[in-house]
file model-v4.txt (compact mmCIF, C-alpha atoms and all ligand atoms)
# COMPACT_ATOMS: atom_id res chain seq x y z
CA MET A 35 55.49 82.46 77.26
CA SER A 36 56.98 83.60 74.01
CA ILE A 37 58.79 86.95 73.83
CA ASN A 38 56.27 88.34 71.32
CA GLN A 39 53.63 87.79 74.02
CA SER A 40 55.38 90.18 76.41
CA ILE A 41 54.80 93.94 76.36
CA LYS A 42 58.23 94.64 77.84
CA PRO A 43 61.78 93.55 77.02
CA ILE A 44 62.63 90.40 79.00
CA THR A 45 65.33 92.17 81.04
CA THR A 46 63.00 94.93 82.30
CA GLU A 47 63.37 95.39 86.07
CA VAL A 48 62.10 97.79 88.65
CA LYS A 49 64.89 99.22 90.79
CA ASP A 50 64.99 102.85 91.92
CA ASN A 51 64.08 103.51 88.32
CA LEU A 52 63.09 101.17 85.51
CA THR A 53 66.04 99.30 84.03
CA ILE A 54 66.46 97.36 80.78
CA GLY A 55 69.50 95.24 79.96
CA GLY A 56 70.83 96.24 83.39
CA CYS A 57 70.84 99.92 82.35
CA ASP A 58 68.95 102.54 84.34
CA LEU A 59 66.61 104.23 81.85
CA VAL A 60 66.85 107.60 83.58
CA GLU A 61 70.65 107.41 83.33
CA LEU A 62 70.36 106.54 79.64
CA ALA A 63 68.07 109.53 79.09
CA LYS A 64 70.56 111.80 80.85
CA ARG A 65 73.57 110.45 79.04
CA TYR A 66 72.20 110.24 75.50
CA GLY A 67 69.27 112.68 75.58
CA THR A 68 65.67 112.04 74.58
CA PRO A 69 63.78 110.96 72.58
CA LEU A 70 65.92 107.84 72.65
CA TYR A 71 65.32 104.46 71.06
CA VAL A 72 66.66 101.65 73.25
CA ILE A 73 67.18 98.10 71.95
CA ASP A 74 67.66 95.22 74.38
CA GLU A 75 70.06 92.69 72.88
CA ALA A 76 68.96 89.82 75.15
CA THR A 77 65.33 90.18 74.03
CA LEU A 78 66.33 90.34 70.37
CA ARG A 79 68.57 87.28 70.59
CA GLY A 80 65.96 85.54 72.75
CA ILE A 81 63.20 85.74 70.14
CA CYS A 82 65.59 84.74 67.33
CA ARG A 83 66.40 81.60 69.33
CA GLU A 84 62.73 80.92 70.05
CA TYR A 85 62.05 80.91 66.31
CA LYS A 86 65.01 78.63 65.64
CA ASN A 87 63.96 76.18 68.37
CA ALA A 88 60.30 76.16 67.40
CA PHE A 89 61.17 75.19 63.83
CA LYS A 90 64.05 72.83 64.67
CA GLY A 91 64.10 69.72 62.51
CA LYS A 92 62.17 71.41 59.72
CA ASN A 93 63.82 72.57 56.54
CA ILE A 94 63.13 76.20 57.41
CA ASN A 95 65.19 79.26 56.59
CA MET A 96 64.63 82.16 58.93
CA MET A 97 64.65 85.50 57.13
CA TYR A 98 64.22 88.69 59.15
CA ALA A 99 62.04 91.30 57.40
CA SER A 100 64.38 94.29 57.49
CA LYS A 101 61.66 96.81 56.91
CA ALA A 102 60.71 96.55 60.59
CA LEU A 103 64.09 97.99 61.64
CA CYS A 104 67.22 98.05 59.58
CA THR A 105 70.44 99.27 61.19
CA LEU A 106 73.98 97.95 60.98
CA SER A 107 74.10 96.71 64.57
CA THR A 108 70.68 95.07 64.74
CA SER A 109 71.35 93.42 61.37
CA ALA A 110 74.72 92.15 62.65
CA ILE A 111 73.03 90.64 65.73
CA ILE A 112 70.30 89.00 63.66
CA ALA A 113 72.84 87.68 61.12
CA SER A 114 74.92 86.24 63.95
CA GLU A 115 71.83 84.28 65.04
CA GLY A 116 71.91 82.58 61.63
CA PHE A 117 69.06 84.52 60.05
CA GLY A 118 68.89 85.69 56.47
CA PHE A 119 67.08 88.87 55.45
CA ASP A 120 63.98 89.79 53.53
CA THR A 121 64.76 93.16 51.97
CA VAL A 122 62.72 95.61 49.91
CA SER A 123 65.18 98.22 48.68
CA ILE A 124 68.81 98.56 47.72
CA GLY A 125 69.18 100.61 50.91
CA GLU A 126 68.19 97.65 53.07
CA ILE A 127 70.35 95.31 50.97
CA TYR A 128 73.35 97.61 51.33
CA THR A 129 72.82 97.89 55.09
CA VAL A 130 72.71 94.14 55.70
CA TYR A 131 75.69 93.70 53.34
CA LYS A 132 77.66 96.26 55.37
CA ALA A 133 76.56 94.47 58.54
CA GLY A 134 78.20 91.27 57.30
CA ALA A 135 75.13 89.28 56.29
CA ASP A 136 75.57 86.11 54.26
CA MET A 137 74.23 87.54 50.98
CA SER A 138 73.15 84.13 49.73
CA LYS A 139 70.56 84.28 52.51
CA VAL A 140 69.11 87.60 51.34
CA LEU A 141 65.82 87.83 49.46
CA PHE A 142 64.94 90.93 47.43
CA ASN A 143 61.24 91.56 47.53
CA GLY A 144 59.02 94.49 46.48
CA ASN A 145 56.45 95.51 43.91
CA ASN A 146 58.48 98.03 41.91
CA LYS A 147 62.18 97.31 42.04
CA SER A 148 64.15 99.60 39.75
CA ARG A 149 66.75 98.56 37.18
CA ARG A 150 69.44 100.14 39.32
CA GLU A 151 68.29 98.23 42.39
CA LEU A 152 68.14 94.92 40.54
CA GLU A 153 71.58 95.46 39.02
CA LEU A 154 73.17 96.32 42.35
CA ALA A 155 71.38 93.43 44.05
CA ILE A 156 72.86 91.02 41.48
CA ASP A 157 76.30 92.59 41.97
CA LEU A 158 75.97 92.11 45.74
CA LYS A 159 75.07 88.46 45.10
CA VAL A 160 71.63 88.49 46.68
CA GLY A 161 70.42 84.87 46.94
CA ARG A 162 66.78 85.13 45.88
CA PHE A 163 64.55 87.58 44.06
CA SER A 164 60.86 87.55 44.78
CA VAL A 165 59.44 88.47 41.37
CA ASP A 166 56.26 90.45 41.87
CA ASN A 167 54.84 91.15 38.40
CA PHE A 168 55.30 90.69 34.64
CA TYR A 169 57.21 93.94 34.22
CA GLU A 170 59.76 92.85 36.80
CA ALA A 171 60.06 89.34 35.34
CA GLU A 172 61.00 90.89 31.97
CA LEU A 173 63.35 93.42 33.51
CA LEU A 174 65.17 90.98 35.79
CA ASN A 175 65.46 88.47 32.98
CA THR A 176 67.02 91.13 30.72
CA ILE A 177 69.47 92.29 33.39
CA ALA A 178 70.41 88.70 34.24
CA GLN A 179 71.04 88.08 30.53
CA GLU A 180 73.23 91.19 30.29
CA LYS A 181 75.24 90.05 33.29
CA GLY A 182 75.40 86.47 32.06
CA ILE A 183 73.84 84.94 35.14
CA SER A 184 70.73 83.01 36.04
CA ALA A 185 68.73 84.63 38.86
CA ASP A 186 67.11 82.35 41.46
CA VAL A 187 63.56 83.56 41.94
CA LEU A 188 60.37 82.93 43.84
CA LEU A 189 57.09 84.13 42.38
CA ARG A 190 55.19 86.44 44.70
CA VAL A 191 51.54 85.43 44.68
CA THR A 192 48.38 86.76 46.30
CA PRO A 193 46.64 83.83 47.94
CA ALA A 194 43.38 85.74 48.62
CA ILE A 195 43.36 85.34 52.38
CA GLU A 196 41.44 87.69 54.59
CA CYS A 197 43.00 88.23 57.98
CA HIS A 198 41.82 90.62 60.64
CA THR A 199 44.35 93.34 60.81
CA HIS A 200 44.43 97.01 59.90
CA GLU A 201 43.47 97.64 56.25
CA TYR A 202 46.85 99.25 55.51
CA ILE A 203 48.86 96.29 56.75
CA LYS A 204 46.89 93.59 54.93
CA THR A 205 48.72 92.34 51.87
CA GLY A 206 47.49 88.88 50.90
CA GLN A 207 43.89 89.68 50.00
CA LEU A 208 42.67 89.40 46.42
CA ASP A 209 42.69 93.09 45.54
CA SER A 210 46.27 93.92 46.48
CA LYS A 211 49.06 95.77 44.74
CA PHE A 212 51.46 92.95 45.63
CA GLY A 213 52.20 89.84 43.60
CA PHE A 214 50.63 87.77 40.86
CA ASP A 215 47.04 86.69 41.14
CA LEU A 216 47.01 82.89 41.32
CA SER A 217 45.28 82.86 37.93
CA GLN A 218 48.34 84.59 36.38
CA VAL A 219 50.97 82.16 37.63
CA ASP A 220 50.67 79.75 34.69
CA GLU A 221 51.35 82.57 32.27
CA VAL A 222 54.58 83.50 34.09
CA ILE A 223 55.80 79.91 34.12
CA ALA A 224 54.81 79.37 30.49
CA SER A 225 56.84 82.44 29.50
CA GLN A 226 60.01 80.42 30.19
CA TYR A 227 62.26 83.35 30.96
CA SER A 228 65.69 82.07 29.94
CA ASN A 229 67.66 83.67 32.79
CA LEU A 230 65.19 83.22 35.65
CA ASN A 231 65.50 80.04 37.64
CA ILE A 232 62.08 79.70 39.28
CA LYS A 233 62.45 77.87 42.60
CA GLY A 234 59.00 78.28 44.14
CA LEU A 235 56.33 80.62 45.49
CA HIS A 236 56.24 83.47 47.97
CA ALA A 237 53.27 85.01 49.78
CA HIS A 238 52.69 87.28 52.74
CA ILE A 239 49.19 87.54 54.14
CA GLY A 240 49.48 90.59 56.39
CA SER A 241 50.98 91.96 59.56
CA GLN A 242 50.13 91.97 63.29
CA ILE A 243 48.25 88.69 62.79
CA PHE A 244 46.63 86.97 65.77
CA GLU A 245 44.64 84.27 63.95
CA LEU A 246 46.58 81.13 63.16
CA GLN A 247 43.83 79.91 60.87
CA SER A 248 45.00 82.47 58.29
CA TYR A 249 48.38 80.70 58.21
CA ARG A 250 46.80 77.24 57.93
CA ASP A 251 44.75 78.48 54.98
CA GLU A 252 47.83 80.01 53.40
CA VAL A 253 49.82 76.78 53.73
CA ASP A 254 46.96 74.77 52.18
CA ILE A 255 46.71 77.13 49.23
CA LEU A 256 50.44 77.43 48.57
CA VAL A 257 51.21 73.71 48.92
CA SER A 258 48.43 72.70 46.55
CA GLU A 259 49.34 75.46 44.11
CA LEU A 260 52.96 74.29 44.04
CA LYS A 261 51.83 70.71 43.40
CA ARG A 262 49.50 71.83 40.65
CA ILE A 263 52.24 73.82 38.90
CA ASN A 264 54.72 70.97 39.17
CA GLN A 265 52.23 68.54 37.68
CA LYS A 266 51.03 70.81 34.91
CA PHE A 267 54.48 71.92 33.77
CA GLY A 268 56.49 68.81 34.72
CA LEU A 269 58.60 70.94 37.07
CA ASN A 270 60.12 70.33 40.46
CA LEU A 271 59.63 73.60 42.33
CA THR A 272 60.58 72.95 45.95
CA GLU A 273 60.56 76.30 47.75
CA LEU A 274 57.81 78.12 49.62
CA ASN A 275 58.15 81.44 51.40
CA ILE A 276 55.15 81.96 53.63
CA GLY A 277 55.96 85.56 54.64
CA GLY A 278 55.89 87.13 58.09
CA GLY A 279 53.11 88.66 60.11
CA LEU A 280 53.05 87.17 63.62
CA GLY A 281 51.61 89.76 66.00
CA VAL A 282 53.04 91.28 69.16
CA LYS A 283 51.53 92.51 72.43
CA TYR A 284 51.32 96.30 72.44
CA THR A 285 48.71 96.43 75.22
CA GLU A 286 47.15 94.04 77.75
CA GLU A 287 44.22 93.51 75.34
CA ASP A 288 46.50 92.05 72.63
CA CYS A 289 46.84 88.24 72.71
CA PRO A 290 49.17 87.15 69.91
CA PRO A 291 49.90 83.43 69.50
CA SER A 292 53.33 82.21 70.57
CA VAL A 293 56.10 81.32 68.14
CA GLU A 294 55.58 77.69 69.15
CA GLU A 295 51.89 77.94 68.21
CA LEU A 296 52.83 79.47 64.87
CA ALA A 297 55.17 76.53 64.26
CA GLN A 298 52.30 74.14 65.07
CA ALA A 299 50.02 75.94 62.66
CA LEU A 300 52.62 75.54 59.93
CA SER A 301 53.24 71.87 60.66
CA ALA A 302 51.31 70.81 57.55
CA LEU A 303 54.23 72.08 55.44
CA PRO A 304 55.75 69.01 53.73
CA ASP A 305 59.27 68.05 54.87
CA ASP A 306 60.57 67.76 51.32
CA LEU A 307 60.08 71.48 50.67
CA THR A 308 62.50 74.26 51.54
CA ILE A 309 60.55 76.78 53.58
CA TYR A 310 61.26 80.43 54.30
CA ILE A 311 59.56 82.52 56.91
CA GLU A 312 60.23 86.22 57.21
CA PRO A 313 58.96 87.78 60.43
CA GLY A 314 59.84 91.40 61.08
CA ARG A 315 57.72 92.89 63.83
CA SER A 316 57.72 89.84 66.12
CA ILE A 317 61.55 89.68 65.96
CA ILE A 318 62.38 93.29 66.79
CA SER A 319 59.35 94.97 68.35
CA THR A 320 59.55 93.77 71.95
CA SER A 321 63.27 94.47 72.23
CA GLY A 322 62.69 98.19 71.62
CA VAL A 323 61.42 100.97 73.85
CA THR A 324 61.44 104.74 73.37
CA LEU A 325 62.29 107.18 76.13
CA TYR A 326 60.79 110.65 76.15
CA THR A 327 61.03 113.60 78.54
CA VAL A 328 57.85 115.24 79.78
CA GLY A 329 57.66 118.95 78.92
CA SER A 330 54.46 120.94 79.06
CA SER A 331 51.05 119.78 80.12
CA LYS A 332 47.55 121.09 79.59
CA GLN A 333 44.38 120.45 81.53
CA VAL A 334 41.41 121.09 79.24
CA PRO A 335 38.74 122.65 81.50
CA ASN A 336 36.27 119.80 82.22
CA GLY A 337 38.22 117.70 79.72
CA ARG A 338 41.30 115.60 79.58
CA LYS A 339 44.82 116.27 80.65
CA TYR A 340 47.49 116.33 77.96
CA ILE A 341 51.08 115.57 78.83
CA ALA A 342 53.42 116.64 76.04
CA VAL A 343 56.67 114.78 75.41
CA ASP A 344 59.68 115.73 73.30
CA GLY A 345 58.95 113.29 70.46
CA GLY A 346 55.86 111.90 68.77
CA MET A 347 54.65 111.20 65.26
CA ALA A 348 58.00 111.77 63.57
CA ASP A 349 59.73 109.06 65.63
CA ASN A 350 56.60 106.89 65.95
CA PRO A 351 54.03 107.51 63.21
CA ARG A 352 52.03 104.36 64.02
CA PRO A 353 49.36 105.90 66.31
CA ALA A 354 48.62 108.62 63.74
CA MET A 355 48.72 106.21 60.78
CA TYR A 356 47.01 103.12 62.15
CA LYS A 357 45.46 104.21 65.45
CA ALA A 358 48.07 101.91 67.00
CA LYS A 359 47.99 101.59 70.77
CA TYR A 360 50.97 101.47 73.10
CA THR A 361 51.75 100.91 76.78
CA ALA A 362 53.96 103.27 78.75
CA GLU A 363 55.38 103.76 82.24
CA ALA A 364 57.15 106.56 84.05
CA ALA A 365 60.76 105.33 84.14
CA ASN A 366 61.69 107.47 87.15
CA LYS A 367 58.54 106.67 89.15
CA PRO A 368 58.15 102.91 89.02
CA ASP A 369 56.74 102.68 92.56
CA VAL A 370 54.58 105.79 92.80
CA GLN A 371 51.03 104.82 93.77
CA GLU A 372 49.10 108.02 93.17
CA THR A 373 47.93 108.01 89.58
CA GLU A 374 45.97 110.05 87.09
CA GLU A 375 44.55 109.47 83.63
CA VAL A 376 46.35 111.45 80.95
CA THR A 377 46.82 111.59 77.21
CA ILE A 378 50.42 111.58 76.02
CA ALA A 379 50.76 114.05 73.19
CA GLY A 380 53.70 114.52 70.86
CA ARG A 381 55.51 117.78 70.11
CA PHE A 382 54.65 117.96 66.40
CA CYS A 383 52.32 120.52 64.89
CA GLU A 384 49.38 118.31 64.16
CA SER A 385 46.37 117.54 66.35
CA GLY A 386 46.63 113.86 65.45
CA ASP A 387 50.07 113.69 67.03
CA VAL A 388 48.98 111.80 70.13
CA LEU A 389 51.09 108.84 71.21
CA ILE A 390 48.77 107.30 73.81
CA GLU A 391 45.21 108.27 74.64
CA ASN A 392 43.80 107.92 78.14
CA ILE A 393 46.54 106.08 79.99
CA THR A 394 46.78 105.86 83.76
CA LEU A 395 50.24 106.86 84.99
CA PRO A 396 51.78 108.26 88.16
CA LYS A 397 51.19 112.01 88.44
CA LEU A 398 53.67 113.39 85.92
CA GLU A 399 55.79 116.50 86.11
CA THR A 400 58.11 118.29 83.72
CA GLY A 401 61.37 116.35 83.44
CA ASP A 402 59.87 112.92 84.12
CA ILE A 403 61.01 110.17 81.77
CA ILE A 404 58.35 108.17 79.94
CA CYS A 405 59.18 104.73 78.59
CA VAL A 406 56.93 103.60 75.71
CA TYR A 407 57.18 99.84 75.19
CA ASN A 408 57.27 97.76 72.03
CA THR A 409 58.63 100.40 69.71
CA GLY A 410 61.35 98.27 68.09
CA ALA A 411 59.41 97.65 64.88
CA TYR A 412 58.20 100.22 62.35
CA ASN A 413 59.17 103.22 64.49
CA TYR A 414 62.71 104.23 63.51
CA SER A 415 62.19 102.58 60.12
CA MET A 416 59.24 104.88 59.41
CA ALA A 417 60.61 107.96 61.22
CA SER A 418 60.67 111.30 59.45
CA ASN A 419 62.03 114.80 59.93
CA TYR A 420 58.57 116.32 60.08
CA ASN A 421 58.73 119.85 61.48
CA ARG A 422 62.45 119.70 60.75
CA VAL A 423 63.12 117.84 63.97
CA GLU A 424 66.30 115.75 64.24
CA LYS A 425 65.78 111.98 64.36
CA PRO A 426 66.57 110.43 67.76
CA ALA A 427 69.59 108.34 68.68
CA MET A 428 69.42 104.59 69.27
CA VAL A 429 71.33 102.69 71.94
CA LEU A 430 71.88 98.99 72.36
CA VAL A 431 71.82 97.72 75.94
CA ASN A 432 73.17 94.43 77.25
CA ASN A 433 74.67 93.27 80.56
CA SER A 434 74.60 96.79 82.05
CA GLN A 435 76.46 98.21 79.05
CA SER A 436 75.03 100.74 76.61
CA ASP A 437 76.39 101.59 73.16
CA ILE A 438 75.20 104.16 70.67
CA ILE A 439 74.23 102.35 67.46
CA VAL A 440 72.57 105.29 65.69
CA ASN A 441 73.77 108.82 66.39
CA ARG A 442 71.25 111.52 67.09
CA GLU A 443 70.86 113.74 64.05
CA SER A 444 72.38 117.18 64.38
CA LEU A 445 71.12 120.50 63.04
CA GLU A 446 73.88 120.27 60.45
CA ASP A 447 72.52 116.85 59.38
CA LEU A 448 69.24 118.58 58.59
CA VAL A 449 70.80 120.91 56.03
CA TYR A 450 73.92 119.19 54.73
CA LYS A 451 72.26 117.57 51.72
CA GLU A 452 70.77 120.84 50.56
CA ASN A 453 72.08 123.44 48.22
CA ILE A 454 71.19 127.08 47.55
CA PRO A 455 71.58 127.96 43.82
CA ASP A 456 73.92 130.93 43.33
CA ARG A 457 71.13 133.12 41.97
CA LEU A 458 69.38 132.93 45.35
CA ARG A 459 72.43 133.88 47.36
CA ARG A 460 72.86 137.42 48.54
N1 LIG A 501 57.24 89.81 54.28
C1 LIG A 501 56.60 90.67 53.47
C2 LIG A 501 56.51 90.36 52.05
C3 LIG A 501 56.03 91.83 54.00
O1 LIG A 501 55.37 92.65 53.19
C4 LIG A 501 56.13 92.10 55.38
C5 LIG A 501 55.55 93.31 55.95
C6 LIG A 501 56.83 91.18 56.19
C7 LIG A 501 57.37 90.05 55.61
C8 LIG A 501 57.01 91.38 57.66
O2 LIG A 501 55.80 91.39 58.34
P1 LIG A 501 55.79 91.45 59.95
O3 LIG A 501 56.35 90.14 60.44
O4 LIG A 501 56.63 92.59 60.36
O5 LIG A 501 54.37 91.62 60.31
N2 LIG A 501 54.18 99.61 58.77
C9 LIG A 501 53.19 98.66 59.25
C10 LIG A 501 53.57 97.24 58.91
C11 LIG A 501 53.73 97.01 57.42
C12 LIG A 501 54.14 95.60 57.10
C13 LIG A 501 54.43 95.45 55.65
N3 LIG A 501 54.91 94.18 55.27
C14 LIG A 501 53.03 98.84 60.75
O6 LIG A 501 53.69 99.69 61.33
O7 LIG A 501 52.22 98.16 61.36
call {"tool": "encode", "arguments": {"input": "model-v4.txt", "output": "structure tokens"}}
result
Amino acid sequence: MSINQSIKPITTEVKDNLTIGGCDLVELAKRYGTPLYVIDEATLRGICREYKNAFKGKNINMMYASKALCTLSTSAIIASEGFGFDTVSIGEIYTVYKAGADMSKVLFNGNNKSRRELELAIDLKVGRFSVDNFYEAELLNTIAQEKGISADVLLRVTPAIECHTHEYIKTGQLDSKFGFDLSQVDEVIASQYSNLNIKGLHAHIGSQIFELQSYRDEVDILVSELKRINQKFGLNLTELNIGGGLGVKYTEEDCPPSVEELAQALSALPDDLTIYIEPGRSIISTSGVTLYTVGSSKQVPNGRKYIAVDGGMADNPRPAMYKAKYTAEAANKPDVQETEEVTIAGRFCESGDVLIENITLPKLETGDIICVYNTGAYNYSMASNYNRVEKPAMVLVNNSQSDIIVNRESLEDLVYKENIPDRLRR
């Protein structure tokens, strides 16, 4: 079984309480407070190695899509596994740079990169730019000219592939804000931008993908498009970035393919091409869990029972945004038999702030610790300060050791960037 096919981190054990990475989750909650993001290093390294093994022998560059979770420590771990990074802002680029990434293995992607971002990315010696549109091609070419360099680029294209995932996380379909339509590629190439060194094509078909056929279709389209361009323009473009997207198992109903199966599906990629893949979710999701403390509860007369926890949509907006489903357990009651069906509600002032609807858990009381699985991806990276609540801390666990990798925000953190103009002071 591949790690992305597991709901829980691979080191999860049931002792008196649940443990991950040899660390008792109730102890972690006591020591660092809740809500608390926990990242299991063994699971993170494990999936990185699965990817490397599955694609061994192929000319494949593994690029982690930083948007899923971008912190100094997780980036350092992923870099140490030999991965490069797919980045979408100067903030992500700066973070992986500070984490010690090999900048030649960093790709800058995104549909509206600013002049400032492009300039800084060139200064930080980012290895590849994924050029998304005509405006950016002009802008990057101008900046590269000013700096006297030639920028290595891939052209982001939209291969018109439908895959079954949530509307908001589809990106490769025809009507998309990302990339050039295939019919526009010739015009970009014909423009002969003097300071852009076009190396190949880049596409990403969507996220939380379970159907391998979408990848086979993508490979067919991109390989034949590359051939066509090379023939028509007498070029030798040799690079293809096929994006990310492999799904993970949030609940028992989810059946994502394994990394090995993904590698099989991509086996039609010719050996003479340099390939990039850039998974985000499937690298980081399973290694992460979030711990919450149970506070109030409410039994709706003749209705359901709500259990409120001390976090919710600000630390995990995915249920509210995408109707995403999660699995949870009571960390301090791993063996309790008596159960009841409850709905886990967040603490934010919005009815839609429900983390998990209708889940069967041991009878819960105030002070119990809930562990929500598979929160490594797109939780902290999309977290907000809604309701002016401090963002949680994050700890890294490994071999019974825990280290804070993101400090909990303080009340001072909430106000320190703000300023009251003198005329408002009394
Ligand atoms: N490459 C490109 C160009 C992308 O746009 C994305 C994700 C990835 C790679 C990584 O895809 P992954 O392997 O993580 O599926 N916030 C949404 C997910 C948005 C994904 C956007 N693009 C969510 O929480 O489900």
call {"tool": "atom_distance", "arguments": {"input": "model-v4.txt", "atom1": "atom CA of A:Asn143", "atom2": "atom CA of A:Glu75"}}
result
26.9 Å
call {"tool": "residues_around", "arguments": {"input": "model-v4.txt", "residues": "A:Tyr414", "least_positions_apart": "5", "cutoff": "9 Å", "atoms": "only C-alpha atoms", "output": "ChimeraX atom specification"}}
result
/A:71,102-104,348-350,409,425-426,428
call {"tool": "residues_near_ligand", "arguments": {"input": "model-v4.txt", "ligand": "ligand LIG 501 (chain A)", "cutoff": "9 Å", "atoms": "only C-alpha atoms and all ligand atoms", "output": "PyMOL selection string"}}
result
chain A and resi 97-102+120-122+143-144+164+190+200+202-205+212+236-243+275-282+311-319+351-352+355-356+358+411-413+415-416
call {"tool": "residues_around", "arguments": {"input": "model-v4.txt", "residues": "A:Ala365", "least_positions_apart": "2", "cutoff": "7 Å", "atoms": "only C-alpha atoms", "output": "JSON, numbers by chain"}}
result
{"A": [51, 52, 59, 60, 363, 367, 368, 403, 404, 405]}
call {"tool": "residues_around", "arguments": {"input": "model-v4.txt", "residues": "A:Asp220", "least_positions_apart": "4", "cutoff": "12 Å", "atoms": "all atoms listed in the file", "output": "count of residues only"}}
result
17
call {"tool": "residues_around", "arguments": {"input": "model-v4.txt", "residues": "A:Glu295", "least_positions_apart": "3", "cutoff": "12 Å", "atoms": "all atoms listed in the file", "output": "ChimeraX atom specification"}}
result
/A:35-36,38-39,84-85,88-89,244-247,249-250,280,290-292,298-301
call {"tool": "write_last_selection", "arguments": {"input": "model-v4.txt", "atoms": "C-alpha atoms", "output": "PDB file, in the frame of the given file"}}
result
ATOM      1  CA  MET A  35      55.490  82.460  77.260  1.00  0.00           C
ATOM      2  CA  SER A  36      56.980  83.600  74.010  1.00  0.00           C
ATOM      3  CA  ASN A  38      56.270  88.340  71.320  1.00  0.00           C
ATOM      4  CA  GLN A  39      53.630  87.790  74.020  1.00  0.00           C
ATOM      5  CA  GLU A  84      62.730  80.920  70.050  1.00  0.00           C
ATOM      6  CA  TYR A  85      62.050  80.910  66.310  1.00  0.00           C
ATOM      7  CA  ALA A  88      60.300  76.160  67.400  1.00  0.00           C
ATOM      8  CA  PHE A  89      61.170  75.190  63.830  1.00  0.00           C
ATOM      9  CA  PHE A 244      46.630  86.970  65.770  1.00  0.00           C
ATOM     10  CA  GLU A 245      44.640  84.270  63.950  1.00  0.00           C
ATOM     11  CA  LEU A 246      46.580  81.130  63.160  1.00  0.00           C
ATOM     12  CA  GLN A 247      43.830  79.910  60.870  1.00  0.00           C
ATOM     13  CA  TYR A 249      48.380  80.700  58.210  1.00  0.00           C
ATOM     14  CA  ARG A 250      46.800  77.240  57.930  1.00  0.00           C
ATOM     15  CA  LEU A 280      53.050  87.170  63.620  1.00  0.00           C
ATOM     16  CA  PRO A 290      49.170  87.150  69.910  1.00  0.00           C
ATOM     17  CA  PRO A 291      49.900  83.430  69.500  1.00  0.00           C
ATOM     18  CA  SER A 292      53.330  82.210  70.570  1.00  0.00           C
ATOM     19  CA  GLN A 298      52.300  74.140  65.070  1.00  0.00           C
ATOM     20  CA  ALA A 299      50.020  75.940  62.660  1.00  0.00           C
ATOM     21  CA  LEU A 300      52.620  75.540  59.930  1.00  0.00           C
ATOM     22  CA  SER A 301      53.240  71.870  60.660  1.00  0.00           C
TER      23      SER A 301
END
call {"tool": "atom_distance", "arguments": {"input": "model-v4.txt", "atom1": "atom CA of A:Leu70", "atom2": "atom CA of A:Tyr326"}}
result
6.8 Å
call {"tool": "residues_near_point", "arguments": {"input": "model-v4.txt", "point": "(74.3, 90.8, 59.4)", "cutoff": "12 Å", "atoms": "all atoms listed in the file", "output": "MDAnalysis selection string"}}
result
chainID A and resid 97:98 100 104:120 126:140
call {"tool": "atom_distance", "arguments": {"input": "model-v4.txt", "atom1": "atom CA of A:Gln218", "atom2": "atom CA of A:Lys181"}}
result
27.6 Å
call {"tool": "residues_around", "arguments": {"input": "model-v4.txt", "residues": "A:Ile37", "least_positions_apart": "5", "cutoff": "8 Å", "atoms": "only C-alpha atoms", "output": "PyMOL selection string"}}
result
chain A and resi 43-44+77+80-81+292+320
call {"tool": "closest_residue", "arguments": {"input": "model-v4.txt", "among": "A:Thr377, A:Asn432, A:Pro193, A:Glu221", "to": "A:Asp209", "atoms": "only C-alpha atoms"}}
result
A:Pro193
call {"tool": "residues_near_point", "arguments": {"input": "model-v4.txt", "point": "(50.7, 105.4, 78.8)", "cutoff": "8 Å", "atoms": "only C-alpha atoms", "output": "PyMOL selection string"}}
result
chain A and resi 360-363+376-378+390-395+406
call {"tool": "closest_residue", "arguments": {"input": "model-v4.txt", "among": "A:Thr373, A:Leu173, A:Leu325, A:Asn433", "to": "A:Gly67", "atoms": "all atoms listed in the file"}}
result
A:Leu325
call {"tool": "closest_residue", "arguments": {"input": "model-v4.txt", "among": "A:Thr192, A:Cys289, A:Glu170, A:Leu307", "to": "A:Lys92", "atoms": "only C-alpha atoms"}}
result
A:Leu307
call {"tool": "axis_aligned_box", "arguments": {"input": "model-v4.txt", "around": "stretch 59-73 of chain A", "padding_each_side": "4 Å", "output": "AutoDock Vina command-line options"}}
result
--center_x 68.7 --center_y 105.4 --center_z 77.3 --size_x 17.8 --size_y 22.6 --size_z 20.5
call {"tool": "closest_residue", "arguments": {"input": "model-v4.txt", "among": "A:Gln179, A:Ala354, A:Tyr66, A:Asp58", "to": "A:Arg442", "atoms": "all atoms listed in the file"}}
result
A:Tyr66
call {"tool": "build_atoms", "arguments": {"input": "model-v4.txt", "residues": "stretch 424-428 of chain A", "atoms": "N, CA and C atoms", "output": "PDB file, in the frame of the given file"}}
result
ATOM      1  N   GLU A 424      65.247 116.747  64.415  1.00  0.00           N
ATOM      2  CA  GLU A 424      66.300 115.750  64.240  1.00  0.00           C
ATOM      3  C   GLU A 424      65.815 114.374  64.696  1.00  0.00           C
ATOM      4  N   LYS A 425      66.170 113.325  63.927  1.00  0.00           N
ATOM      5  CA  LYS A 425      65.780 111.980  64.360  1.00  0.00           C
ATOM      6  C   LYS A 425      66.579 111.576  65.599  1.00  0.00           C
ATOM      7  N   PRO A 426      65.919 110.816  66.493  1.00  0.00           N
ATOM      8  CA  PRO A 426      66.570 110.430  67.760  1.00  0.00           C
ATOM      9  C   PRO A 426      67.755 109.494  67.570  1.00  0.00           C
ATOM     10  N   ALA A 427      68.514 109.332  68.632  1.00  0.00           N
ATOM     11  CA  ALA A 427      69.590 108.340  68.680  1.00  0.00           C
ATOM     12  C   ALA A 427      69.008 106.987  69.065  1.00  0.00           C
ATOM     13  N   MET A 428      69.816 105.933  68.829  1.00  0.00           N
ATOM     14  CA  MET A 428      69.420 104.590  69.270  1.00  0.00           C
ATOM     15  C   MET A 428      70.582 103.981  70.041  1.00  0.00           C
TER      16      MET A 428
END
